[in-house]
Amino acid sequence: MPLEAVEARRLYRQVADQLRSLIDSGEYAVGSRLPTERELAEQLKVSRPTVREALIALEVEGRLRIRVGSGIYVIEPAAAAAPASASVPVIEGPFELLRAREFLESAIAEQAARVATKDDVARIDASLVAMENVEHPGEASMVHDRAFHIAIAGSLGNAVLVRVVGELFDQRLNPYFAQLAHYFESPGTWRTALDEHRAVRDAIAAHDPQAARDAMRDHLARSQERFAQNFGAENAAGSSSGRSRTAPTTAEPSKPKHAPKKKRAASSDARRR
């Protein structure tokens with residue numbers, strides 16, 4: 001028998017697989033509410049962003065429904081749903097992508113502050129003007145947001161960096177990132193992000209490398225914070241017992257038999273991150 005490649009599965013996929021198995025086995029019945037993100041993170045010994053990525057994956061898969069202000073509920077899978085083995089594609093989680101961008105683009109902004117010309121700053125300014133005059137969320141806003149980050153990378157005169165920045169940004173279109181953004185992006189968050197972009201631009205125009213690095217890191221770190229806002233389930237749960245309550249449009253959910261068991265493979269978030 002020929003050897004097969006060994007896949008180092010991302011941690012959020014391991015969490016999603018474990019939760020899916022509990023749902024399939026009846027530990028969490030259709031209509032029941034899962035423990036909160038905080039409780040799941042504590043039980044599985046992983047970070048809350050990892051839990052959130054797993055929950056979003058299962059929602060995209062059609063196994064869960066997230067109700068902001070109420071909780072995370074098990075739903076009846078659609079008849080045409082993909083089998084479990086194919087239901088979680090090999091794509092990066094939203095927080096994994098944002099952390100990568102934070103690391104890379106802060107360094108790019110630092111160097112841009114050293115080498116950017118007036119023409120480079122003019123291109124950055126053009127993208128900001130376009131962002132000011134577009135509705136968000138929407139496809140057009142993403143085009144101009146992308147143009148801003150590409151303009152900064154372009155000031156370094158390195159086509160590889162431009163391509164990498166563009167490819168990382170384009171991962172916002174993957175179904176997990178899009179689903180997460182659906183909950184937290186709004187005209188208000190767009191205005192906040194625009195202010196953060198201006199801070200990056202001003203530091204680059206002032207040729208202040210440290211300020212540019214800090215501003216870009218701050219922008220992408222705050223993006224992670226915005227996507228990590230509470231769904232509201234903690235308040236709805238009322239206690240750490242994980243008791244189910246009624247969702248706004250569902251019947252009284254049943255109580256899970258017990259919390260998910262800890263899994264050795266998911267015992268350390270740092271090992272996979």
# chains A, B, ... in the order shown; residues from 1 in each chain; ligands from 1

$ residues_around --residues "Ala221 (chain A)" --least-positions-apart "3" --cutoff "12 Å" --atoms "only C-alpha atoms" --output "PyMOL selection string"
chain A and resi 95-103+105-106+193+196+214-218+224-228

$ residues_around --residues "Glu135 (chain A)" --least-positions-apart "5" --cutoff "9 Å" --atoms "only C-alpha atoms" --output "list in words"
Ala140, Ser141, Pro187 and Trp190 of chain A

$ closest_atom_pairs --of "region 62-123 of chain A" --to "region 147-158 of chain A" --cutoff "8 Å" --atoms "only C-alpha atoms" --output "CSV"
residue,atom,partner,partner_atom,distance
A:Glu105,CA,A:Ala153,CA,7.9
A:Ile108,CA,A:Ala153,CA,6.2
A:Ala109,CA,A:Ile152,CA,6.6
A:Gln111,CA,A:Leu156,CA,7.2
A:Ala112,CA,A:Ser155,CA,6.0
A:Val115,CA,A:Leu156,CA,6.8
A:Ala116,CA,A:Ser155,CA,5.4
A:Thr117,CA,A:Ser155,CA,7.5
A:Asp120,CA,A:Ser155,CA,5.6
A:Arg123,CA,A:Ala151,CA,6.2

$ residues_around --residues "Leu194 (chain A)" --least-positions-apart "5" --cutoff "8 Å" --atoms "only C-alpha atoms" --output "list in words"
Leu128, Met131 and Glu132 of chain A

$ closest_residue --among "A:Ala107, A:Ala181, A:Ala57, A:Val30" --to "Leu161 (chain A)" --atoms "only C-alpha atoms"
A:Ala107

$ residues_around --residues "Ile56 (chain A)" --least-positions-apart "4" --cutoff "12 Å" --atoms "only C-alpha atoms" --output "ChimeraX atom specification"
/A:12-13,15-16,19,37,49-52,60-67,72,88,93-95,174-183,227-228,231

$ select_by_dssp --residues "region 43-204 of chain A" --states "alpha helix (DSSP H)" --output "count of residues only"
109

$ atom_distance --atom1 "CA of Val74 (chain A)" --atom2 "CA of Leu34 (chain A)"
7.4 Å

$ closest_residue --among "A:Glu59, A:Met142, A:Tyr28, A:Arg33" --to "Gly71 (chain A)" --atoms "only C-alpha atoms"
A:Arg33

$ select_by_dssp --residues "region 20-253 of chain A" --states "strand (DSSP E)" --output "PDB file with N, CA, C and O atoms, in the first residue's frame"
ATOM      1  N   LEU A  64     -25.190  24.170  12.489  1.00  0.00           N
ATOM      2  CA  LEU A  64     -25.491  25.066  13.599  1.00  0.00           C
ATOM      3  C   LEU A  64     -26.142  26.330  13.083  1.00  0.00           C
ATOM      4  O   LEU A  64     -26.000  26.691  11.918  1.00  0.00           O
ATOM      5  N   ARG A  65     -26.833  27.017  13.976  1.00  0.00           N
ATOM      6  CA  ARG A  65     -27.368  28.346  13.678  1.00  0.00           C
ATOM      7  C   ARG A  65     -26.967  29.262  14.825  1.00  0.00           C
ATOM      8  O   ARG A  65     -27.272  28.981  15.992  1.00  0.00           O
ATOM      9  N   ILE A  66     -26.235  30.333  14.521  1.00  0.00           N
ATOM     10  CA  ILE A  66     -25.826  31.296  15.535  1.00  0.00           C
ATOM     11  C   ILE A  66     -26.870  32.392  15.595  1.00  0.00           C
ATOM     12  O   ILE A  66     -27.174  33.032  14.583  1.00  0.00           O
ATOM     13  N   ARG A  67     -27.411  32.601  16.789  1.00  0.00           N
ATOM     14  CA  ARG A  67     -28.415  33.649  16.998  1.00  0.00           C
ATOM     15  C   ARG A  67     -27.813  34.664  17.958  1.00  0.00           C
ATOM     16  O   ARG A  67     -27.675  34.402  19.150  1.00  0.00           O
ATOM     17  N   GLY A  71     -27.663  32.533  21.405  1.00  0.00           N
ATOM     18  CA  GLY A  71     -26.756  31.404  21.551  1.00  0.00           C
ATOM     19  C   GLY A  71     -26.513  30.677  20.249  1.00  0.00           C
ATOM     20  O   GLY A  71     -26.875  31.151  19.164  1.00  0.00           O
ATOM     21  N   ILE A  72     -25.912  29.511  20.367  1.00  0.00           N
ATOM     22  CA  ILE A  72     -25.567  28.684  19.217  1.00  0.00           C
ATOM     23  C   ILE A  72     -26.402  27.428  19.269  1.00  0.00           C
ATOM     24  O   ILE A  72     -26.314  26.663  20.238  1.00  0.00           O
ATOM     25  N   TYR A  73     -27.240  27.180  18.264  1.00  0.00           N
ATOM     26  CA  TYR A  73     -28.217  26.104  18.273  1.00  0.00           C
ATOM     27  C   TYR A  73     -27.942  25.066  17.192  1.00  0.00           C
ATOM     28  O   TYR A  73     -27.511  25.391  16.085  1.00  0.00           O
ATOM     29  N   VAL A  74     -28.218  23.828  17.542  1.00  0.00           N
ATOM     30  CA  VAL A  74     -28.114  22.730  16.582  1.00  0.00           C
ATOM     31  C   VAL A  74     -29.354  22.750  15.705  1.00  0.00           C
ATOM     32  O   VAL A  74     -30.478  22.880  16.197  1.00  0.00           O
TER      33      VAL A  74
END

$ closest_residue --among "A:Ala211, A:Leu58, A:Leu173, A:Ser70" --to "Arg20 (chain A)" --atoms "only C-alpha atoms"
A:Leu58

$ atom_distance --atom1 "CA of Gln43 (chain A)" --atom2 "CA of Asp17 (chain A)"
15.2 Å
